[in-house]
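Okay, structure.txt now, which holds compact mmCIF, N, CA and C atoms:
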# COMPACT_ATOMS: atom_id res chain seq x y z
N MET A 7 -53.13 34.37 93.88
CA MET A 7 -53.16 35.58 93.08
C MET A 7 -53.73 36.73 93.90
N THR A 8 -53.25 37.90 93.58
CA THR A 8 -53.69 39.08 94.30
C THR A 8 -54.42 40.00 93.33
N VAL A 9 -55.71 40.05 93.46
CA VAL A 9 -56.51 40.94 92.63
C VAL A 9 -56.79 42.18 93.47
N PRO A 10 -56.39 43.35 92.97
CA PRO A 10 -56.64 44.55 93.76
C PRO A 10 -58.13 44.86 93.86
N ASP A 11 -58.49 45.58 94.90
CA ASP A 11 -59.84 46.08 95.04
C ASP A 11 -60.19 46.91 93.80
N LEU A 12 -61.35 46.70 93.23
CA LEU A 12 -61.74 47.35 91.98
C LEU A 12 -61.66 48.87 92.07
N GLU A 13 -62.20 49.44 93.13
CA GLU A 13 -62.19 50.91 93.24
C GLU A 13 -60.78 51.47 93.44
N THR A 14 -59.96 50.76 94.18
CA THR A 14 -58.56 51.19 94.35
C THR A 14 -57.83 51.13 93.02
N TRP A 15 -58.05 50.05 92.27
CA TRP A 15 -57.43 49.89 90.95
C TRP A 15 -57.90 51.00 90.01
N ARG A 16 -59.19 51.27 90.01
CA ARG A 16 -59.72 52.34 89.15
C ARG A 16 -59.15 53.70 89.53
N ALA A 17 -59.00 53.96 90.81
CA ALA A 17 -58.45 55.25 91.27
C ALA A 17 -57.02 55.45 90.79
N GLY A 18 -56.30 54.37 90.59
CA GLY A 18 -54.93 54.47 90.09
C GLY A 18 -54.84 54.95 88.66
N TRP A 19 -55.95 55.02 87.98
CA TRP A 19 -55.99 55.47 86.59
C TRP A 19 -56.41 56.94 86.48
N ASP A 20 -56.56 57.61 87.59
CA ASP A 20 -57.05 58.98 87.59
C ASP A 20 -55.90 59.98 87.55
N ALA A 21 -55.24 60.04 86.39
CA ALA A 21 -54.12 60.96 86.20
C ALA A 21 -54.39 61.79 84.94
N PRO A 22 -53.86 63.01 84.88
CA PRO A 22 -54.12 63.88 83.73
C PRO A 22 -53.74 63.26 82.38
N ASP A 23 -52.61 62.56 82.31
CA ASP A 23 -52.20 61.96 81.04
C ASP A 23 -53.17 60.87 80.60
N GLN A 24 -53.65 60.09 81.55
CA GLN A 24 -54.60 59.04 81.21
C GLN A 24 -55.95 59.65 80.82
N GLN A 25 -56.34 60.73 81.46
CA GLN A 25 -57.58 61.41 81.10
C GLN A 25 -57.47 62.00 79.70
N ARG A 26 -56.30 62.54 79.36
CA ARG A 26 -56.10 63.08 78.01
C ARG A 26 -56.24 61.99 76.95
N LEU A 27 -55.83 60.78 77.30
CA LEU A 27 -55.96 59.66 76.36
C LEU A 27 -57.39 59.11 76.31
N GLY A 28 -58.24 59.51 77.24
CA GLY A 28 -59.61 59.00 77.27
C GLY A 28 -59.72 57.60 77.83
N VAL A 29 -58.80 57.26 78.73
CA VAL A 29 -58.73 55.92 79.29
C VAL A 29 -59.65 55.79 80.50
N ARG A 30 -60.43 54.69 80.53
CA ARG A 30 -61.30 54.40 81.67
C ARG A 30 -61.13 52.94 82.06
N PRO A 31 -60.69 52.68 83.28
CA PRO A 31 -60.60 51.29 83.71
C PRO A 31 -61.99 50.69 83.83
N VAL A 32 -62.14 49.45 83.38
CA VAL A 32 -63.45 48.80 83.41
C VAL A 32 -63.51 47.80 84.55
N THR A 33 -62.66 46.78 84.49
CA THR A 33 -62.71 45.75 85.53
C THR A 33 -61.39 45.02 85.64
N ILE A 34 -61.21 44.38 86.78
CA ILE A 34 -60.06 43.51 87.01
C ILE A 34 -60.56 42.31 87.78
N ALA A 35 -60.02 41.14 87.43
CA ALA A 35 -60.40 39.88 88.06
C ALA A 35 -59.19 38.96 87.99
N PRO A 36 -59.25 37.79 88.59
CA PRO A 36 -58.10 36.90 88.49
C PRO A 36 -57.70 36.64 87.03
N SER A 37 -56.44 36.97 86.71
CA SER A 37 -55.85 36.74 85.38
C SER A 37 -56.48 37.58 84.27
N TYR A 38 -57.24 38.60 84.60
CA TYR A 38 -58.00 39.35 83.58
C TYR A 38 -58.09 40.83 83.96
N ALA A 39 -58.02 41.67 82.96
CA ALA A 39 -58.27 43.11 83.16
C ALA A 39 -58.84 43.68 81.86
N ALA A 40 -59.63 44.73 82.00
CA ALA A 40 -60.21 45.41 80.83
C ALA A 40 -60.20 46.92 81.07
N VAL A 41 -59.81 47.64 80.02
CA VAL A 41 -59.76 49.10 80.07
C VAL A 41 -60.38 49.62 78.77
N ALA A 42 -61.21 50.65 78.89
CA ALA A 42 -61.84 51.26 77.72
C ALA A 42 -61.12 52.55 77.36
N ILE A 43 -61.14 52.87 76.09
CA ILE A 43 -60.55 54.12 75.61
C ILE A 43 -61.54 54.74 74.62
N ASP A 44 -61.90 55.98 74.90
CA ASP A 44 -62.90 56.67 74.09
C ASP A 44 -62.27 57.20 72.80
N LEU A 45 -62.59 56.54 71.69
CA LEU A 45 -62.08 56.92 70.36
C LEU A 45 -63.24 56.98 69.39
N PRO A 46 -63.17 57.76 68.34
CA PRO A 46 -62.22 58.85 68.16
C PRO A 46 -62.52 59.98 69.15
N TYR A 47 -61.59 60.90 69.23
CA TYR A 47 -61.68 61.95 70.24
C TYR A 47 -62.62 63.09 69.87
N GLY A 48 -62.76 63.35 68.58
CA GLY A 48 -63.62 64.44 68.16
C GLY A 48 -62.95 65.80 68.27
N ASP A 49 -61.63 65.82 68.32
CA ASP A 49 -60.90 67.09 68.39
C ASP A 49 -59.59 66.97 67.60
N GLU A 50 -58.65 67.85 67.87
CA GLU A 50 -57.40 67.90 67.09
C GLU A 50 -56.57 66.62 67.19
N ARG A 51 -56.77 65.81 68.22
CA ARG A 51 -56.01 64.57 68.35
C ARG A 51 -56.32 63.61 67.20
N ASP A 52 -57.54 63.69 66.65
CA ASP A 52 -57.91 62.82 65.54
C ASP A 52 -57.14 63.14 64.27
N GLY A 53 -56.55 64.33 64.18
CA GLY A 53 -55.76 64.71 63.01
C GLY A 53 -54.38 64.10 63.00
N ASP A 54 -53.95 63.52 64.11
CA ASP A 54 -52.65 62.87 64.20
C ASP A 54 -52.86 61.37 64.04
N PRO A 55 -52.41 60.79 62.92
CA PRO A 55 -52.68 59.38 62.67
C PRO A 55 -52.02 58.44 63.68
N LEU A 56 -51.04 58.93 64.41
CA LEU A 56 -50.35 58.07 65.38
C LEU A 56 -50.93 58.18 66.79
N PHE A 57 -51.77 59.17 67.04
CA PHE A 57 -52.25 59.37 68.41
C PHE A 57 -53.11 58.20 68.87
N ALA A 58 -54.06 57.77 68.07
CA ALA A 58 -54.95 56.68 68.48
C ALA A 58 -54.19 55.37 68.61
N THR A 59 -53.29 55.07 67.69
CA THR A 59 -52.53 53.82 67.80
C THR A 59 -51.59 53.87 69.01
N SER A 60 -51.03 55.02 69.29
CA SER A 60 -50.19 55.15 70.48
C SER A 60 -51.01 54.96 71.75
N ALA A 61 -52.20 55.56 71.77
CA ALA A 61 -53.08 55.41 72.93
C ALA A 61 -53.49 53.95 73.12
N LEU A 62 -53.84 53.27 72.04
CA LEU A 62 -54.22 51.87 72.13
C LEU A 62 -53.04 51.00 72.56
N THR A 63 -51.84 51.32 72.09
CA THR A 63 -50.64 50.58 72.49
C THR A 63 -50.39 50.76 73.98
N TYR A 64 -50.51 51.99 74.46
CA TYR A 64 -50.35 52.26 75.89
C TYR A 64 -51.34 51.43 76.71
N VAL A 65 -52.61 51.46 76.29
CA VAL A 65 -53.65 50.73 77.02
C VAL A 65 -53.36 49.23 76.99
N ALA A 66 -52.96 48.69 75.84
CA ALA A 66 -52.64 47.27 75.75
C ALA A 66 -51.51 46.90 76.70
N ASP A 67 -50.51 47.74 76.77
CA ASP A 67 -49.36 47.51 77.65
C ASP A 67 -49.80 47.44 79.11
N VAL A 68 -50.51 48.45 79.57
CA VAL A 68 -50.85 48.51 81.00
C VAL A 68 -51.95 47.53 81.38
N VAL A 69 -52.85 47.23 80.47
CA VAL A 69 -53.89 46.25 80.81
C VAL A 69 -53.28 44.85 80.87
N ALA A 70 -52.27 44.57 80.04
CA ALA A 70 -51.56 43.29 80.11
C ALA A 70 -50.86 43.16 81.45
N LEU A 71 -50.18 44.21 81.88
CA LEU A 71 -49.52 44.19 83.18
C LEU A 71 -50.53 43.99 84.31
N SER A 72 -51.68 44.65 84.22
CA SER A 72 -52.71 44.49 85.25
C SER A 72 -53.18 43.05 85.33
N ALA A 73 -53.39 42.41 84.17
CA ALA A 73 -53.83 41.01 84.17
C ALA A 73 -52.77 40.10 84.78
N VAL A 74 -51.50 40.35 84.46
CA VAL A 74 -50.42 39.54 85.02
C VAL A 74 -50.35 39.72 86.53
N ARG A 75 -50.41 40.96 86.98
CA ARG A 75 -50.36 41.20 88.43
C ARG A 75 -51.53 40.53 89.15
N ALA A 76 -52.69 40.46 88.48
CA ALA A 76 -53.86 39.82 89.08
C ALA A 76 -53.81 38.30 88.94
N HIS A 77 -52.75 37.81 88.33
CA HIS A 77 -52.60 36.37 88.12
C HIS A 77 -51.52 35.75 89.02
N LEU A 78 -50.46 36.49 89.27
CA LEU A 78 -49.32 35.93 89.98
C LEU A 78 -49.62 35.65 91.45
N ASP A 79 -48.96 34.67 91.97
CA ASP A 79 -49.03 34.35 93.40
C ASP A 79 -47.98 35.22 94.09
N GLU A 80 -48.42 36.25 94.78
CA GLU A 80 -47.47 37.22 95.36
C GLU A 80 -46.57 36.62 96.43
N GLU A 81 -46.92 35.45 96.93
CA GLU A 81 -46.05 34.77 97.89
C GLU A 81 -44.83 34.15 97.20
N ARG A 82 -44.97 33.81 95.91
CA ARG A 82 -43.91 33.09 95.21
C ARG A 82 -43.34 33.82 94.00
N GLU A 83 -44.09 34.76 93.40
CA GLU A 83 -43.70 35.31 92.10
C GLU A 83 -43.76 36.83 92.07
N LEU A 84 -42.96 37.38 91.17
CA LEU A 84 -42.95 38.83 90.93
C LEU A 84 -42.94 39.09 89.43
N PRO A 85 -43.61 40.15 88.98
CA PRO A 85 -43.40 40.54 87.58
C PRO A 85 -41.97 41.06 87.47
N ASN A 86 -41.31 40.71 86.38
CA ASN A 86 -39.89 41.05 86.24
C ASN A 86 -39.67 42.35 85.47
N GLY A 87 -40.70 42.88 84.86
CA GLY A 87 -40.58 44.18 84.21
C GLY A 87 -40.21 44.15 82.74
N THR A 88 -40.03 42.98 82.17
CA THR A 88 -39.71 42.89 80.75
C THR A 88 -40.88 42.27 80.02
N MET A 89 -41.31 42.93 78.94
CA MET A 89 -42.47 42.43 78.20
C MET A 89 -42.23 42.57 76.71
N SER A 90 -42.70 41.60 75.96
CA SER A 90 -42.76 41.69 74.50
C SER A 90 -44.22 41.88 74.14
N LEU A 91 -44.50 42.91 73.37
CA LEU A 91 -45.87 43.23 73.01
C LEU A 91 -46.00 43.20 71.50
N HIS A 92 -46.90 42.37 71.01
CA HIS A 92 -47.15 42.23 69.58
C HIS A 92 -48.60 42.59 69.32
N LEU A 93 -48.83 43.66 68.55
CA LEU A 93 -50.19 44.12 68.29
C LEU A 93 -50.47 44.19 66.80
N ASP A 94 -51.67 43.82 66.42
CA ASP A 94 -52.16 44.02 65.07
C ASP A 94 -53.34 44.98 65.16
N PHE A 95 -53.25 46.07 64.41
CA PHE A 95 -54.36 47.03 64.34
C PHE A 95 -55.18 46.63 63.12
N ILE A 96 -56.37 46.12 63.36
CA ILE A 96 -57.17 45.51 62.30
C ILE A 96 -57.99 46.56 61.54
N GLU A 97 -58.62 47.45 62.28
CA GLU A 97 -59.42 48.51 61.66
C GLU A 97 -59.32 49.76 62.51
N ALA A 98 -59.57 50.90 61.89
CA ALA A 98 -59.59 52.16 62.64
C ALA A 98 -60.83 52.19 63.53
N PRO A 99 -60.66 52.57 64.79
CA PRO A 99 -61.81 52.61 65.69
C PRO A 99 -62.78 53.72 65.30
N THR A 100 -64.07 53.43 65.50
CA THR A 100 -65.10 54.44 65.23
C THR A 100 -65.86 54.82 66.49
N THR A 101 -65.68 54.05 67.56
CA THR A 101 -66.31 54.35 68.85
C THR A 101 -65.37 53.87 69.96
N THR A 102 -65.85 53.91 71.18
CA THR A 102 -65.07 53.46 72.33
C THR A 102 -64.58 52.02 72.11
N VAL A 103 -63.31 51.80 72.42
CA VAL A 103 -62.70 50.47 72.31
C VAL A 103 -62.39 49.97 73.72
N THR A 104 -62.79 48.74 74.00
CA THR A 104 -62.43 48.10 75.26
C THR A 104 -61.34 47.08 74.96
N VAL A 105 -60.20 47.27 75.62
CA VAL A 105 -59.08 46.34 75.45
C VAL A 105 -59.10 45.40 76.65
N GLU A 106 -59.17 44.10 76.34
CA GLU A 106 -59.19 43.07 77.37
C GLU A 106 -57.89 42.29 77.33
N ALA A 107 -57.38 41.96 78.50
CA ALA A 107 -56.16 41.15 78.61
C ALA A 107 -56.45 39.96 79.50
N ARG A 108 -56.02 38.80 79.05
CA ARG A 108 -56.24 37.58 79.82
C ARG A 108 -54.96 36.75 79.80
N VAL A 109 -54.48 36.37 80.98
CA VAL A 109 -53.33 35.47 81.06
C VAL A 109 -53.81 34.09 80.64
N VAL A 110 -53.20 33.56 79.58
CA VAL A 110 -53.65 32.27 79.05
C VAL A 110 -52.68 31.14 79.36
N ALA A 111 -51.45 31.48 79.75
CA ALA A 111 -50.47 30.45 80.11
C ALA A 111 -49.37 31.09 80.93
N GLN A 112 -48.72 30.26 81.74
CA GLN A 112 -47.58 30.73 82.51
C GLN A 112 -46.65 29.57 82.79
N ASN A 113 -45.35 29.85 82.71
CA ASN A 113 -44.37 28.89 83.19
C ASN A 113 -43.54 29.58 84.25
N GLU A 114 -42.42 29.02 84.59
CA GLU A 114 -41.61 29.55 85.67
C GLU A 114 -41.05 30.96 85.39
N SER A 115 -40.89 31.30 84.12
CA SER A 115 -40.24 32.58 83.81
C SER A 115 -41.07 33.53 82.95
N GLU A 116 -42.28 33.14 82.59
CA GLU A 116 -43.03 33.97 81.65
C GLU A 116 -44.53 33.73 81.76
N ALA A 117 -45.28 34.83 81.63
CA ALA A 117 -46.74 34.75 81.53
C ALA A 117 -47.13 35.20 80.12
N LEU A 118 -48.01 34.47 79.49
CA LEU A 118 -48.47 34.79 78.14
C LEU A 118 -49.86 35.40 78.23
N VAL A 119 -50.03 36.57 77.62
CA VAL A 119 -51.27 37.33 77.74
C VAL A 119 -51.90 37.52 76.36
N ASP A 120 -53.17 37.17 76.25
CA ASP A 120 -53.95 37.36 75.04
C ASP A 120 -54.64 38.72 75.15
N LEU A 121 -54.56 39.53 74.10
CA LEU A 121 -55.16 40.87 74.08
C LEU A 121 -56.15 40.98 72.93
N ILE A 122 -57.27 41.60 73.22
CA ILE A 122 -58.26 41.86 72.18
C ILE A 122 -58.91 43.21 72.45
N GLY A 123 -59.07 43.99 71.41
CA GLY A 123 -59.73 45.29 71.53
C GLY A 123 -60.93 45.34 70.61
N CYS A 124 -62.10 45.52 71.19
CA CYS A 124 -63.35 45.54 70.41
C CYS A 124 -64.18 46.76 70.76
N GLU A 125 -64.96 47.19 69.79
CA GLU A 125 -65.96 48.23 70.02
C GLU A 125 -67.19 47.58 70.63
N ALA A 126 -68.11 48.40 71.13
CA ALA A 126 -69.29 47.89 71.83
C ALA A 126 -70.08 46.89 71.00
N GLY A 127 -70.15 47.07 69.70
CA GLY A 127 -70.90 46.16 68.84
C GLY A 127 -70.16 44.87 68.54
N GLY A 128 -68.93 44.72 69.07
CA GLY A 128 -68.17 43.51 68.86
C GLY A 128 -67.15 43.59 67.73
N ARG A 129 -67.12 44.73 67.01
CA ARG A 129 -66.16 44.86 65.91
C ARG A 129 -64.74 44.93 66.48
N MET A 130 -63.90 43.99 66.06
CA MET A 130 -62.53 43.93 66.55
C MET A 130 -61.66 44.96 65.84
N VAL A 131 -60.92 45.73 66.62
CA VAL A 131 -60.01 46.72 66.03
C VAL A 131 -58.55 46.44 66.40
N LEU A 132 -58.34 45.56 67.39
CA LEU A 132 -56.99 45.28 67.88
C LEU A 132 -56.92 43.83 68.33
N ARG A 133 -55.81 43.20 67.99
CA ARG A 133 -55.55 41.83 68.46
C ARG A 133 -54.08 41.77 68.82
N GLY A 134 -53.76 41.11 69.91
CA GLY A 134 -52.37 41.07 70.31
C GLY A 134 -52.01 39.95 71.25
N LEU A 135 -50.72 39.88 71.50
CA LEU A 135 -50.15 38.89 72.38
C LEU A 135 -49.00 39.54 73.12
N ALA A 136 -48.90 39.28 74.40
CA ALA A 136 -47.80 39.82 75.18
C ALA A 136 -47.19 38.67 75.98
N SER A 137 -45.88 38.68 76.07
CA SER A 137 -45.21 37.77 76.98
C SER A 137 -44.52 38.64 78.02
N PHE A 138 -44.80 38.35 79.26
CA PHE A 138 -44.32 39.17 80.37
C PHE A 138 -43.42 38.31 81.24
N SER A 139 -42.19 38.76 81.46
CA SER A 139 -41.27 37.96 82.26
C SER A 139 -41.67 37.95 83.73
N VAL A 140 -41.46 36.82 84.34
CA VAL A 140 -41.82 36.57 85.73
C VAL A 140 -40.59 36.01 86.41
N ARG A 141 -40.39 36.36 87.66
CA ARG A 141 -39.31 35.72 88.40
C ARG A 141 -39.85 35.18 89.70
N GLN A 142 -39.25 34.11 90.10
CA GLN A 142 -39.63 33.45 91.35
C GLN A 142 -38.95 34.17 92.50
N LYS A 143 -39.69 34.37 93.58
CA LYS A 143 -39.08 34.95 94.78
C LYS A 143 -38.14 33.92 95.40
N THR A 144 -37.09 34.40 95.97
CA THR A 144 -36.17 33.51 96.67
C THR A 144 -36.83 33.02 97.95
N PRO A 145 -36.84 31.71 98.16
CA PRO A 145 -37.46 31.20 99.37
C PRO A 145 -36.77 31.76 100.62
N VAL A 146 -37.54 31.95 101.68
CA VAL A 146 -37.00 32.46 102.93
C VAL A 146 -35.90 31.52 103.40
N GLY A 147 -34.75 32.08 103.77
CA GLY A 147 -33.64 31.29 104.26
C GLY A 147 -32.69 30.82 103.17
N ALA A 148 -33.09 30.96 101.89
CA ALA A 148 -32.21 30.54 100.78
C ALA A 148 -31.20 31.63 100.50
N LYS A 149 -30.05 31.24 99.97
CA LYS A 149 -29.00 32.21 99.62
C LYS A 149 -28.78 32.23 98.15

Could you render the structure from this file as structure tokens?
Amino acid sequence: MTVPDLETWRAGWDAPDQQRLGVRPVTIAPSYAAVAIDLPYGDERDGDPLFATSALTYVADVVALSAVRAHLDEERELPNGTMSLHLDFIEAPTTTVTVEARVVAQNESEALVDLIGCEAGGRMVLRGLASFSVRQKTPVGAK
């Protein structure tokens, strides 16, 4: 597995759109990634009932991909770019939410990722599951 350098991975999140969403990368490790999102915003974004759920969905998507990338053996496997994302929004967030993604299983064509979003006090606001397609690299010399 190839886990990116933490500071390099965090620097990849330094874009205006991600800053507007209040996204902060927390950590990445083998088969695991966590990203925090500062909610509620305390401004006009809170007046849009879809903004927070869209932001949480975005974070769940990219943190799942980060966990998969930190799980795959880059000598043999590649993420294939197709993912099914199933999220349950349990409660409206009242403070910063940290979304964690952990690869819990993998076969030849798919990695299964468990997602959980909790506030600092442990109150769960998001629960999810993602299946991310994986493809095997063609062995050198194979046709």

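Nearest residue to A:Ile122, choosing from A:Val68, A:Ala107, A:Val74, A:Leu91 and counting all atoms listed in the file: A:Ala107.
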
TODO: Based on DSSP run over this structure's backbone, return all residues of chain A in strand (DSSP E), as JSON, numbers by chain.
DONE: {"A": [29, 30, 31, 32, 33, 34, 35, 38, 39, 40, 41, 42, 43, 83, 84, 85, 86, 87, 88, 89, 90, 91, 92, 93, 94, 95, 103, 104, 105, 106, 107, 108, 109, 110, 111, 112, 116, 117, 118, 119, 120, 121, 122, 123, 124, 125, 130, 131, 132, 133, 134, 135, 136, 137, 138, 139, 140, 141, 142]}

Open item on the list: Run DSSP on the backbone and tell me which residues of stretch 69-119 of chain A come out as helix (DSSP H, G or I); list them as a PyMOL selection string.
Closed with: chain A and resi 69-75

Please, what is the axis-aligned box for every listed atom of stretch 121-131 of chain A with 8 Å on each side, as centre and edge lengths in Å to one decimal, as JSON?
{"center_x": -62.7, "center_y": 44.0, "center_z": 70.0, "size_x": 32.3, "size_y": 24.9, "size_z": 24.3}

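Nearest residue to A:Glu106, choosing from A:Glu125, A:Asp23, A:Asp120, A:Asp52 and counting only C-alpha atoms: A:Asp120.
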
Task: Residue neighbourhood A:Arg141, 7 Å, all atoms listed in the file, exclusion window fewer than 3 positions, as a ChimeraX atom specification - done: /A:82-86,114-116,144

Open item on the list: Report, in Å to a single decimal, how far apart atom N of A:Leu62 and atom C of A:Leu27 are.
Closed with: 8.1 Å

TODO: Select, from A:Leu78, A:Ser90, A:Ala98, A:Val41, the residue with the minimum atom-to-atom distance to A:Leu135, counting all atoms listed in the file.
DONE: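 Of the candidates, the smallest distance to A:Leu135 is held by A:Ser90.
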
How close does stretch 44-73 of chain A get to stretch 8-19 of chain A? List, as a tab-separated table, each residue of stretch 44-73 of chain A within 12 Å, its nearest atom pair and the distance in Å to one decimal, counting only C-alpha atoms.
residue	atom	partner	partner_atom	distance
A:Val65	CA	A:Trp19	CA	10.9
A:Val68	CA	A:Trp19	CA	10.3
A:Val69	CA	A:Trp19	CA	11.1
A:Ser72	CA	A:Val9	CA	9.0
A:Ala73	CA	A:Val9	CA	8.9

Open item on the list: With distances taken over all atoms listed in the file, which residue among A:Ile96, A:Val140, A:Ala42, A:Val105 lies nearest A:Ala70?
Closed with: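 Closest candidate: A:Val105.
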
Stretch 106-132 of chain A from the block above, N, CA and C atoms, as a PDB file, in the first residue's frame, please?
ATOM      1  N   GLU A 106     -14.633   9.811   8.866  1.00  0.00           N
ATOM      2  CA  GLU A 106     -13.574   8.811   8.795  1.00  0.00           C
ATOM      3  C   GLU A 106     -13.964   7.738   7.792  1.00  0.00           C
ATOM      4  N   ALA A 107     -12.987   7.282   7.027  1.00  0.00           N
ATOM      5  CA  ALA A 107     -13.202   6.204   6.061  1.00  0.00           C
ATOM      6  C   ALA A 107     -12.174   5.115   6.323  1.00  0.00           C
ATOM      7  N   ARG A 108     -12.652   3.885   6.343  1.00  0.00           N
ATOM      8  CA  ARG A 108     -11.765   2.748   6.576  1.00  0.00           C
ATOM      9  C   ARG A 108     -12.121   1.640   5.602  1.00  0.00           C
ATOM     10  N   VAL A 109     -11.120   1.143   4.873  1.00  0.00           N
ATOM     11  CA  VAL A 109     -11.332  -0.007   3.998  1.00  0.00           C
ATOM     12  C   VAL A 109     -11.484  -1.228   4.897  1.00  0.00           C
ATOM     13  N   VAL A 110     -12.634  -1.882   4.798  1.00  0.00           N
ATOM     14  CA  VAL A 110     -12.912  -3.023   5.672  1.00  0.00           C
ATOM     15  C   VAL A 110     -12.837  -4.357   4.947  1.00  0.00           C
ATOM     16  N   ALA A 111     -12.864  -4.332   3.619  1.00  0.00           N
ATOM     17  CA  ALA A 111     -12.759  -5.570   2.840  1.00  0.00           C
ATOM     18  C   ALA A 111     -12.365  -5.222   1.416  1.00  0.00           C
ATOM     19  N   GLN A 112     -11.739  -6.190   0.762  1.00  0.00           N
ATOM     20  CA  GLN A 112     -11.399  -6.010  -0.645  1.00  0.00           C
ATOM     21  C   GLN A 112     -11.333  -7.362  -1.317  1.00  0.00           C
ATOM     22  N   ASN A 113     -11.829  -7.414  -2.551  1.00  0.00           N
ATOM     23  CA  ASN A 113     -11.607  -8.585  -3.383  1.00  0.00           C
ATOM     24  C   ASN A 113     -10.906  -8.122  -4.648  1.00  0.00           C
ATOM     25  N   GLU A 114     -10.896  -8.936  -5.649  1.00  0.00           N
ATOM     26  CA  GLU A 114     -10.159  -8.624  -6.865  1.00  0.00           C
ATOM     27  C   GLU A 114     -10.697  -7.395  -7.614  1.00  0.00           C
ATOM     28  N   SER A 115     -11.975  -7.092  -7.436  1.00  0.00           N
ATOM     29  CA  SER A 115     -12.565  -6.013  -8.230  1.00  0.00           C
ATOM     30  C   SER A 115     -13.192  -4.887  -7.418  1.00  0.00           C
ATOM     31  N   GLU A 116     -13.133  -4.965  -6.106  1.00  0.00           N
ATOM     32  CA  GLU A 116     -13.852  -3.971  -5.311  1.00  0.00           C
ATOM     33  C   GLU A 116     -13.267  -3.839  -3.910  1.00  0.00           C
ATOM     34  N   ALA A 117     -13.241  -2.591  -3.428  1.00  0.00           N
ATOM     35  CA  ALA A 117     -12.878  -2.314  -2.034  1.00  0.00           C
ATOM     36  C   ALA A 117     -14.121  -1.772  -1.337  1.00  0.00           C
ATOM     37  N   LEU A 118     -14.398  -2.264  -0.159  1.00  0.00           N
ATOM     38  CA  LEU A 118     -15.560  -1.841   0.617  1.00  0.00           C
ATOM     39  C   LEU A 118     -15.086  -0.911   1.726  1.00  0.00           C
ATOM     40  N   VAL A 119     -15.701   0.273   1.804  1.00  0.00           N
ATOM     41  CA  VAL A 119     -15.261   1.310   2.729  1.00  0.00           C
ATOM     42  C   VAL A 119     -16.382   1.653   3.704  1.00  0.00           C
ATOM     43  N   ASP A 120     -16.070   1.624   4.983  1.00  0.00           N
ATOM     44  CA  ASP A 120     -16.989   2.009   6.047  1.00  0.00           C
ATOM     45  C   ASP A 120     -16.774   3.490   6.331  1.00  0.00           C
ATOM     46  N   LEU A 121     -17.851   4.261   6.399  1.00  0.00           N
ATOM     47  CA  LEU A 121     -17.783   5.705   6.643  1.00  0.00           C
ATOM     48  C   LEU A 121     -18.575   6.056   7.893  1.00  0.00           C
ATOM     49  N   ILE A 122     -18.000   6.936   8.689  1.00  0.00           N
ATOM     50  CA  ILE A 122     -18.700   7.429   9.876  1.00  0.00           C
ATOM     51  C   ILE A 122     -18.342   8.900  10.068  1.00  0.00           C
ATOM     52  N   GLY A 123     -19.332   9.704  10.365  1.00  0.00           N
ATOM     53  CA  GLY A 123     -19.113  11.124  10.628  1.00  0.00           C
ATOM     54  C   GLY A 123     -19.612  11.463  12.018  1.00  0.00           C
ATOM     55  N   CYS A 124     -18.712  11.926  12.867  1.00  0.00           N
ATOM     56  CA  CYS A 124     -19.067  12.249  14.255  1.00  0.00           C
ATOM     57  C   CYS A 124     -18.572  13.636  14.630  1.00  0.00           C
ATOM     58  N   GLU A 125     -19.280  14.239  15.551  1.00  0.00           N
ATOM     59  CA  GLU A 125     -18.831  15.492  16.152  1.00  0.00           C
ATOM     60  C   GLU A 125     -17.818  15.160  17.242  1.00  0.00           C
ATOM     61  N   ALA A 126     -17.126  16.172  17.739  1.00  0.00           N
ATOM     62  CA  ALA A 126     -16.058  15.969  18.723  1.00  0.00           C
ATOM     63  C   ALA A 126     -16.530  15.190  19.948  1.00  0.00           C
ATOM     64  N   GLY A 127     -17.750  15.396  20.379  1.00  0.00           N
ATOM     65  CA  GLY A 127     -18.274  14.698  21.549  1.00  0.00           C
ATOM     66  C   GLY A 127     -18.691  13.267  21.265  1.00  0.00           C
ATOM     67  N   GLY A 128     -18.554  12.823  20.004  1.00  0.00           N
ATOM     68  CA  GLY A 128     -18.906  11.459  19.650  1.00  0.00           C
ATOM     69  C   GLY A 128     -20.294  11.298  19.057  1.00  0.00           C
ATOM     70  N   ARG A 129     -21.067  12.393  18.987  1.00  0.00           N
ATOM     71  CA  ARG A 129     -22.420  12.297  18.425  1.00  0.00           C
ATOM     72  C   ARG A 129     -22.325  12.019  16.928  1.00  0.00           C
ATOM     73  N   MET A 130     -22.911  10.899  16.501  1.00  0.00           N
ATOM     74  CA  MET A 130     -22.862  10.502  15.103  1.00  0.00           C
ATOM     75  C   MET A 130     -23.887  11.302  14.293  1.00  0.00           C
ATOM     76  N   VAL A 131     -23.434  11.858  13.180  1.00  0.00           N
ATOM     77  CA  VAL A 131     -24.339  12.598  12.300  1.00  0.00           C
ATOM     78  C   VAL A 131     -24.418  11.971  10.906  1.00  0.00           C
ATOM     79  N   LEU A 132     -23.489  11.065  10.607  1.00  0.00           N
ATOM     80  CA  LEU A 132     -23.418  10.463   9.277  1.00  0.00           C
ATOM     81  C   LEU A 132     -22.909   9.038   9.400  1.00  0.00           C
TER      82      LEU A 132
END
